[in-house]
>>> print(open('start21.tsv').read())   # TSV, N, CA and C atoms
chain	number	residue	atom	x	y	z
A	268	MET	N	126.90	97.95	92.06
A	268	MET	CA	125.53	97.70	92.47
A	268	MET	C	124.74	99.01	92.36
A	269	THR	N	123.47	98.89	92.08
A	269	THR	CA	122.61	100.07	91.97
A	269	THR	C	121.74	100.20	93.22
A	270	LEU	N	121.02	101.27	93.25
A	270	LEU	CA	120.14	101.55	94.38
A	270	LEU	C	119.05	100.48	94.47
A	271	GLN	N	118.86	99.95	95.66
A	271	GLN	CA	117.85	98.93	95.94
A	271	GLN	C	117.00	99.39	97.13
A	272	PHE	N	115.81	98.83	97.24
A	272	PHE	CA	114.91	99.13	98.34
A	272	PHE	C	114.51	97.82	99.02
A	273	PRO	N	115.48	97.20	99.73
A	273	PRO	CA	115.21	95.88	100.32
A	273	PRO	C	114.30	95.93	101.54
A	274	ASN	N	114.19	97.09	102.16
A	274	ASN	CA	113.41	97.24	103.38
A	274	ASN	C	112.15	98.05	103.08
A	275	PRO	N	110.97	97.46	103.21
A	275	PRO	CA	109.73	98.17	102.86
A	275	PRO	C	109.27	99.19	103.90
A	276	ILE	N	110.05	99.38	104.95
A	276	ILE	CA	109.64	100.32	106.00
A	276	ILE	C	109.61	101.74	105.46
A	277	ARG	N	108.55	102.45	105.84
A	277	ARG	CA	108.44	103.88	105.59
A	277	ARG	C	107.90	104.50	106.86
A	278	SER	N	108.21	105.77	107.06
A	278	SER	CA	107.87	106.43	108.31
A	278	SER	C	107.16	107.75	108.05
A	279	TYR	N	106.02	107.93	108.68
A	279	TYR	CA	105.24	109.17	108.54
A	279	TYR	C	105.77	110.21	109.53
A	280	ASN	N	106.00	111.42	109.05
A	280	ASN	CA	106.45	112.53	109.89
A	280	ASN	C	105.26	113.47	110.08
A	281	GLU	N	104.66	113.43	111.25
A	281	GLU	CA	103.45	114.21	111.50
A	281	GLU	C	103.70	115.71	111.43
A	282	ALA	N	104.85	116.17	111.89
A	282	ALA	CA	105.15	117.61	111.89
A	282	ALA	C	105.17	118.17	110.47
A	283	HIS	N	105.71	117.40	109.53
A	283	HIS	CA	105.83	117.87	108.15
A	283	HIS	C	104.80	117.25	107.22
A	284	ARG	N	104.08	116.24	107.72
A	284	ARG	CA	103.09	115.50	106.92
A	284	ARG	C	103.72	114.96	105.63
A	285	ASP	N	104.86	114.31	105.80
A	285	ASP	CA	105.53	113.66	104.67
A	285	ASP	C	105.96	112.26	105.10
A	286	ILE	N	106.52	111.52	104.17
A	286	ILE	CA	106.94	110.15	104.46
A	286	ILE	C	108.41	109.98	104.11
A	287	THR	N	109.13	109.35	105.02
A	287	THR	CA	110.55	109.05	104.83
A	287	THR	C	110.67	107.56	104.52
A	288	PHE	N	111.55	107.24	103.56
A	288	PHE	CA	111.86	105.85	103.26
A	288	PHE	C	113.34	105.78	102.90
A	289	TRP	N	113.88	104.56	102.86
A	289	TRP	CA	115.31	104.39	102.69
A	289	TRP	C	115.64	103.41	101.58
A	290	GLY	N	116.74	103.70	100.91
A	290	GLY	CA	117.28	102.80	99.91
A	290	GLY	C	118.72	102.49	100.27
A	291	HIS	N	119.29	101.50	99.58
A	291	HIS	CA	120.68	101.11	99.84
A	291	HIS	C	121.43	100.92	98.53
A	292	ASP	N	122.65	101.42	98.51
A	292	ASP	CA	123.59	101.19	97.42
A	292	ASP	C	124.80	100.56	98.08
A	293	THR	N	124.92	99.26	97.93
A	293	THR	CA	125.88	98.44	98.69
A	293	THR	C	125.68	98.74	100.17
A	294	ALA	N	126.71	99.22	100.87
A	294	ALA	CA	126.59	99.45	102.32
A	294	ALA	C	126.06	100.84	102.66
A	295	MET	N	125.91	101.70	101.67
A	295	MET	CA	125.48	103.07	101.93
A	295	MET	C	123.95	103.18	101.98
A	296	GLU	N	123.44	103.77	103.06
A	296	GLU	CA	122.00	103.99	103.19
A	296	GLU	C	121.65	105.39	102.68
A	297	ILE	N	120.60	105.47	101.86
A	297	ILE	CA	120.16	106.72	101.26
A	297	ILE	C	118.78	107.04	101.82
A	298	THR	N	118.59	108.27	102.28
A	298	THR	CA	117.31	108.70	102.84
A	298	THR	C	116.53	109.49	101.80
A	299	PHE	N	115.25	109.17	101.68
A	299	PHE	CA	114.34	109.86	100.78
A	299	PHE	C	113.14	110.35	101.58
A	300	VAL	N	112.69	111.55	101.27
A	300	VAL	CA	111.45	112.09	101.84
A	300	VAL	C	110.55	112.44	100.68
A	301	ILE	N	109.31	111.97	100.73
A	301	ILE	CA	108.34	112.35	99.72
A	301	ILE	C	107.33	113.27	100.38
A	302	GLU	N	107.20	114.45	99.81
A	302	GLU	CA	106.32	115.47	100.38
A	302	GLU	C	104.85	115.13	100.21
A	303	ARG	N	104.04	115.65	101.12
A	303	ARG	CA	102.60	115.44	101.10
A	303	ARG	C	101.99	115.82	99.75
A	304	GLN	N	102.42	116.95	99.19
A	304	GLN	CA	101.85	117.42	97.92
A	304	GLN	C	102.11	116.42	96.79
A	305	ALA	N	103.25	115.76	96.81
A	305	ALA	CA	103.55	114.75	95.80
A	305	ALA	C	102.62	113.55	95.97
A	306	LEU	N	102.39	113.14	97.21
A	306	LEU	CA	101.48	112.03	97.46
A	306	LEU	C	100.05	112.39	97.08
A	307	GLU	N	99.66	113.64	97.36
A	307	GLU	CA	98.32	114.08	96.95
A	307	GLU	C	98.18	114.05	95.43
A	308	MET	N	99.25	114.42	94.74
A	308	MET	CA	99.21	114.44	93.27
A	308	MET	C	99.05	113.03	92.71
A	309	ILE	N	99.88	112.10	93.19
A	309	ILE	CA	99.80	110.76	92.63
A	309	ILE	C	98.55	110.02	93.12
A	310	GLY	N	98.01	110.42	94.28
A	310	GLY	CA	96.78	109.82	94.78
A	310	GLY	C	95.54	110.51	94.27
A	311	ARG	N	95.74	111.61	93.53
A	311	ARG	CA	94.65	112.40	92.94
A	311	ARG	C	93.61	112.85	93.95
A	312	THR	N	94.10	113.35	95.09
A	312	THR	CA	93.23	113.87	96.13
A	312	THR	C	93.99	114.93	96.92
A	313	THR	N	93.32	115.62	97.81
A	313	THR	CA	93.98	116.65	98.61
A	313	THR	C	93.74	116.41	100.09
A	314	ASP	N	94.62	117.02	100.88
A	314	ASP	CA	94.53	117.01	102.34
A	314	ASP	C	94.33	115.62	102.92
A	315	LEU	N	95.22	114.72	102.58
A	315	LEU	CA	95.15	113.35	103.07
A	315	LEU	C	95.62	113.27	104.52
A	316	ASP	N	95.01	112.39	105.30
A	316	ASP	CA	95.48	112.15	106.66
A	316	ASP	C	96.60	111.11	106.62
A	317	GLU	N	97.16	110.80	107.79
A	317	GLU	CA	98.30	109.88	107.85
A	317	GLU	C	97.99	108.53	107.19
A	318	LYS	N	96.87	107.95	107.52
A	318	LYS	CA	96.52	106.64	106.96
A	318	LYS	C	96.43	106.70	105.44
A	319	ALA	N	95.77	107.72	104.92
A	319	ALA	CA	95.61	107.86	103.47
A	319	ALA	C	96.95	108.12	102.78
A	320	LEU	N	97.82	108.92	103.40
A	320	LEU	CA	99.14	109.18	102.81
A	320	LEU	C	99.96	107.90	102.75
A	321	CYS	N	99.94	107.12	103.82
A	321	CYS	CA	100.68	105.86	103.84
A	321	CYS	C	100.11	104.88	102.82
A	322	GLU	N	98.80	104.82	102.71
A	322	GLU	CA	98.18	103.93	101.72
A	322	GLU	C	98.53	104.37	100.30
A	323	THR	N	98.54	105.68	100.06
A	323	THR	CA	98.92	106.19	98.74
A	323	THR	C	100.36	105.82	98.44
A	324	PHE	N	101.24	105.97	99.42
A	324	PHE	CA	102.64	105.57	99.24
A	324	PHE	C	102.71	104.10	98.85
A	325	ASP	N	102.02	103.25	99.61
A	325	ASP	CA	102.08	101.81	99.36
A	325	ASP	C	101.51	101.44	97.98
A	326	GLN	N	100.45	102.11	97.57
A	326	GLN	CA	99.83	101.82	96.28
A	326	GLN	C	100.70	102.25	95.10
A	327	HIS	N	101.56	103.24	95.32
A	327	HIS	CA	102.37	103.80	94.23
A	327	HIS	C	103.88	103.61	94.48
A	328	VAL	N	104.23	102.64	95.31
A	328	VAL	CA	105.62	102.47	95.72
A	328	VAL	C	106.54	102.21	94.52
A	329	ASP	N	106.09	101.49	93.51
A	329	ASP	CA	106.97	101.24	92.35
A	329	ASP	C	107.29	102.53	91.62
A	330	GLN	N	106.29	103.37	91.43
A	330	GLN	CA	106.50	104.67	90.78
A	330	GLN	C	107.42	105.55	91.63
A	331	ILE	N	107.19	105.57	92.93
A	331	ILE	CA	108.02	106.38	93.84
A	331	ILE	C	109.46	105.89	93.81
A	332	HIS	N	109.67	104.59	93.87
A	332	HIS	CA	111.03	104.04	93.82
A	332	HIS	C	111.70	104.34	92.48
A	333	SER	N	110.94	104.32	91.41
A	333	SER	CA	111.49	104.64	90.09
A	333	SER	C	112.00	106.08	90.04
A	334	ILE	N	111.23	107.00	90.56
A	334	ILE	CA	111.65	108.41	90.60
A	334	ILE	C	112.88	108.54	91.51
A	335	ALA	N	112.85	107.87	92.65
A	335	ALA	CA	113.97	107.93	93.59
A	335	ALA	C	115.25	107.42	92.94
A	336	LYS	N	115.15	106.32	92.21
A	336	LYS	CA	116.33	105.77	91.52
A	336	LYS	C	116.87	106.75	90.49
A	337	ARG	N	115.98	107.39	89.75
A	337	ARG	CA	116.41	108.35	88.74
A	337	ARG	C	117.14	109.52	89.40
A	338	LEU	N	116.60	110.04	90.49
A	338	LEU	CA	117.26	111.14	91.19
A	338	LEU	C	118.63	110.72	91.72
A	339	TYR	N	118.68	109.52	92.26
A	339	TYR	CA	119.94	109.02	92.80
A	339	TYR	C	120.99	108.86	91.71
A	340	GLU	N	120.60	108.33	90.56
A	340	GLU	CA	121.55	108.13	89.47
A	340	GLU	C	122.08	109.46	88.93
A	341	ASP	N	121.24	110.51	88.98
A	341	ASP	CA	121.66	111.83	88.50
A	341	ASP	C	122.71	112.46	89.40
A	342	HIS	N	122.54	112.33	90.71
A	342	HIS	CA	123.45	112.95	91.69
A	342	HIS	C	123.50	112.05	92.92
A	343	LYS	N	124.53	111.29	93.05
A	343	LYS	CA	124.63	110.34	94.16
A	343	LYS	C	125.02	111.06	95.45
A	344	THR	N	124.00	111.29	96.28
A	344	THR	CA	124.21	111.87	97.61
A	344	THR	C	123.45	111.00	98.61
A	345	GLY	N	123.36	111.44	99.84
A	345	GLY	CA	122.73	110.64	100.89
A	345	GLY	C	121.32	111.03	101.25
A	346	PHE	N	120.79	112.12	100.64
A	346	PHE	CA	119.44	112.58	100.99
A	346	PHE	C	118.75	113.18	99.77
A	347	TYR	N	117.47	112.85	99.63
A	347	TYR	CA	116.67	113.37	98.52
A	347	TYR	C	115.28	113.73	99.01
A	348	ARG	N	114.74	114.81	98.49
A	348	ARG	CA	113.36	115.21	98.76
A	348	ARG	C	112.59	115.12	97.45
A	349	LEU	N	111.57	114.26	97.43
A	349	LEU	CA	110.73	114.09	96.26
A	349	LEU	C	109.55	115.03	96.39
A	350	THR	N	109.38	115.89	95.39
A	350	THR	CA	108.33	116.90	95.40
A	350	THR	C	107.29	116.59	94.31
A	351	ALA	N	106.22	117.34	94.31
A	351	ALA	CA	105.17	117.17	93.29
A	351	ALA	C	105.75	117.34	91.90
A	352	GLU	N	106.74	118.22	91.74
A	352	GLU	CA	107.35	118.46	90.44
A	352	GLU	C	107.97	117.20	89.84
A	353	HIS	N	108.45	116.31	90.70
A	353	HIS	CA	109.05	115.06	90.22
A	353	HIS	C	108.01	114.12	89.62
A	354	PHE	N	106.75	114.33	89.93
A	354	PHE	CA	105.68	113.43	89.47
A	354	PHE	C	104.78	114.09	88.42
A	355	ALA	N	105.12	115.30	88.03
A	355	ALA	CA	104.29	116.02	87.05
A	355	ALA	C	104.49	115.49	85.65
>>> encode(input="start21.tsv", output="structure tokens")
Amino acid sequence: MTLQFPNPIRSYNEAHRDITFWGHDTAMEITFVIERQALEMIGRTTDLDEKALCETFDQHVDQIHSIAKRLYEDHKTGFYRLTAEHFA
């Protein structure tokens, strides 16, 4: 089985101003964090607040999941940080 994202839940981290989301590969849960700068890049804006960051995540979730899957396939571990460089 490959990485899937059956649960649409994502969580905003106010201290870091990033968003955490989770994927699953069979019974294994994989944690992903997408940094604010990456969301600003794909949303084509700067200094987004929580609502705008979450909306940007939701609007670009397919692209974000695609990058997450690629990272996971390259190195199967339990945690990934998605940065602006991944979306350049």
>>> closest_residue(input="start21.tsv", among="A:Thr269, A:Thr298, A:Gln304, A:Thr312", to="A:Arg284", atoms="only N, CA and C atoms")
A:Gln304
>>> residues_around(input="start21.tsv", residues="A:Thr293", least_positions_apart="3", cutoff="8 Å", atoms="only N, CA and C atoms", output="JSON, numbers by chain")
{"A": [268, 269, 270, 271, 290, 296]}
>>> closest_residue(input="start21.tsv", among="A:Asp292, A:Glu352, A:Asp329, A:Glu322", to="A:Gly310", atoms="only N, CA and C atoms")
A:Glu322
>>> atom_distance(input="start21.tsv", atom1="atom CA of A:Gln326", atom2="atom CA of A:Leu306")
10.4 Å
>>> closest_residue(input="start21.tsv", among="A:Glu302, A:Ala294, A:Asp341, A:Ala335", to="A:Thr323", atoms="only C-alpha atoms")
A:Glu302
>>> closest_residue(input="start21.tsv", among="A:Lys318, A:Arg303, A:His332, A:Arg337", to="A:Thr350", atoms="all atoms listed in the file")
A:Arg303
>>> atom_distance(input="start21.tsv", atom1="atom N of A:Thr344", atom2="atom CA of A:Pro273")
18.2 Å
>>> select_by_dssp(input="start21.tsv", residues="stretch 285-346 of chain A", states="strand (DSSP E or B)", output="list in words")
Asp285, Ile286, Thr287, Phe288, Trp289, Gly290, His291, Asp292, Met295, Glu296, Ile297, Thr298, Phe299, Val300, Ile301 and Phe346 of chain A
>>> write_last_selection(input="start21.tsv", atoms="N, CA and C atoms", output="CSV table (one decimal), keeping the file's coordinate frame")
chain,number,residue,atom,x,y,z
A,285,ASP,N,104.9,114.3,105.8
A,285,ASP,CA,105.5,113.7,104.7
A,285,ASP,C,106.0,112.3,105.1
A,286,ILE,N,106.5,111.5,104.2
A,286,ILE,CA,106.9,110.2,104.5
A,286,ILE,C,108.4,110.0,104.1
A,287,THR,N,109.1,109.4,105.0
A,287,THR,CA,110.6,109.0,104.8
A,287,THR,C,110.7,107.6,104.5
A,288,PHE,N,111.6,107.2,103.6
A,288,PHE,CA,111.9,105.8,103.3
A,288,PHE,C,113.3,105.8,102.9
A,289,TRP,N,113.9,104.6,102.9
A,289,TRP,CA,115.3,104.4,102.7
A,289,TRP,C,115.6,103.4,101.6
A,290,GLY,N,116.7,103.7,100.9
A,290,GLY,CA,117.3,102.8,99.9
A,290,GLY,C,118.7,102.5,100.3
A,291,HIS,N,119.3,101.5,99.6
A,291,HIS,CA,120.7,101.1,99.8
A,291,HIS,C,121.4,100.9,98.5
A,292,ASP,N,122.6,101.4,98.5
A,292,ASP,CA,123.6,101.2,97.4
A,292,ASP,C,124.8,100.6,98.1
A,295,MET,N,125.9,101.7,101.7
A,295,MET,CA,125.5,103.1,101.9
A,295,MET,C,124.0,103.2,102.0
A,296,GLU,N,123.4,103.8,103.1
A,296,GLU,CA,122.0,104.0,103.2
A,296,GLU,C,121.6,105.4,102.7
A,297,ILE,N,120.6,105.5,101.9
A,297,ILE,CA,120.2,106.7,101.3
A,297,ILE,C,118.8,107.0,101.8
A,298,THR,N,118.6,108.3,102.3
A,298,THR,CA,117.3,108.7,102.8
A,298,THR,C,116.5,109.5,101.8
A,299,PHE,N,115.2,109.2,101.7
A,299,PHE,CA,114.3,109.9,100.8
A,299,PHE,C,113.1,110.4,101.6
A,300,VAL,N,112.7,111.6,101.3
A,300,VAL,CA,111.4,112.1,101.8
A,300,VAL,C,110.6,112.4,100.7
A,301,ILE,N,109.3,112.0,100.7
A,301,ILE,CA,108.3,112.4,99.7
A,301,ILE,C,107.3,113.3,100.4
A,346,PHE,N,120.8,112.1,100.6
A,346,PHE,CA,119.4,112.6,101.0
A,346,PHE,C,118.8,113.2,99.8
>>> select_by_dssp(input="start21.tsv", residues="chain A", states="helix (DSSP H, G or I)", output="PyMOL selection string")
chain A and resi 303-310+317-326+328-341+351-354
>>> atom_distance(input="start21.tsv", atom1="atom N of A:Lys343", atom2="atom N of A:Ile297")
11.3 Å
>>> axis_aligned_box(input="start21.tsv", around="stretch 346-353 of chain A", padding_each_side="3 Å", output="JSON")
{"center_x": 113.0, "center_y": 115.3, "center_z": 95.3, "size_x": 21.6, "size_y": 12.3, "size_z": 17.4}
>>> residues_around(input="start21.tsv", residues="A:Ile276", least_positions_apart="2", cutoff="7 Å", atoms="all atoms listed in the file", output="PyMOL selection string")
chain A and resi 273-274+278+287-289
>>> closest_residue(input="start21.tsv", among="A:Cys321, A:Asp316, A:Ser333, A:Ala305", to="A:Ala355", atoms="only N, CA and C atoms")
A:Ala305
>>> closest_residue(input="start21.tsv", among="A:Glu307, A:Phe299, A:Leu320, A:His283", to="A:Leu338", atoms="only C-alpha atoms")
A:Phe299
>>> decode(input="start21.tsv", residues="stretch 280-324 of chain A", atoms="C-alpha atoms", output="short mmCIF file (atom, residue, chain, number, x, y, z; two decimals), in the first residue's frame")
data_model
loop_
_atom_site.label_atom_id
_atom_site.label_comp_id
_atom_site.auth_asym_id
_atom_site.auth_seq_id
_atom_site.Cartn_x
_atom_site.Cartn_y
_atom_site.Cartn_z
CA ASN A 280 0.60 25.60 15.22
CA GLU A 281 0.48 29.20 16.40
CA ALA A 282 3.96 29.16 17.96
CA HIS A 283 5.60 28.18 14.66
CA ARG A 284 2.89 29.49 12.30
CA ASP A 285 2.86 26.23 10.34
CA ILE A 286 0.37 23.46 9.67
CA THR A 287 0.62 19.81 10.64
CA PHE A 288 -1.21 17.08 8.73
CA TRP A 289 -1.05 13.29 8.70
CA GLY A 290 -0.86 10.50 6.19
CA HIS A 291 -1.07 6.73 6.55
CA ASP A 292 0.81 3.84 4.99
CA THR A 293 -1.15 0.79 6.11
CA ALA A 294 -1.12 1.04 9.94
CA MET A 295 1.77 3.51 10.14
CA GLU A 296 0.91 7.18 10.70
CA ILE A 297 3.22 9.74 9.06
CA THR A 298 3.42 13.33 10.32
CA PHE A 299 3.98 16.23 7.93
CA VAL A 300 4.55 19.89 8.74
CA ILE A 301 4.28 22.52 6.05
CA GLU A 302 6.08 25.74 6.91
CA ARG A 303 4.46 29.16 6.67
CA GLN A 304 6.90 30.26 3.96
CA ALA A 305 5.84 27.34 1.75
CA LEU A 306 2.18 28.27 2.19
CA GLU A 307 2.97 31.90 1.42
CA MET A 308 4.75 30.79 -1.75
CA ILE A 309 1.94 28.62 -3.07
CA GLY A 310 -0.66 31.21 -1.98
CA ARG A 311 1.39 33.97 -3.64
CA THR A 312 1.17 36.28 -0.64
CA THR A 313 3.12 37.10 2.52
CA ASP A 314 2.48 37.23 6.25
CA LEU A 315 -0.72 35.22 6.24
CA ASP A 316 -2.77 34.88 9.43
CA GLU A 317 -4.09 31.54 10.71
CA LYS A 318 -7.31 31.66 8.69
CA ALA A 319 -5.49 32.54 5.47
CA LEU A 320 -2.83 29.85 6.01
CA CYS A 321 -5.49 27.19 6.58
CA GLU A 322 -7.45 28.36 3.53
CA THR A 323 -4.28 28.27 1.43
CA PHE A 324 -3.61 24.73 2.65
#
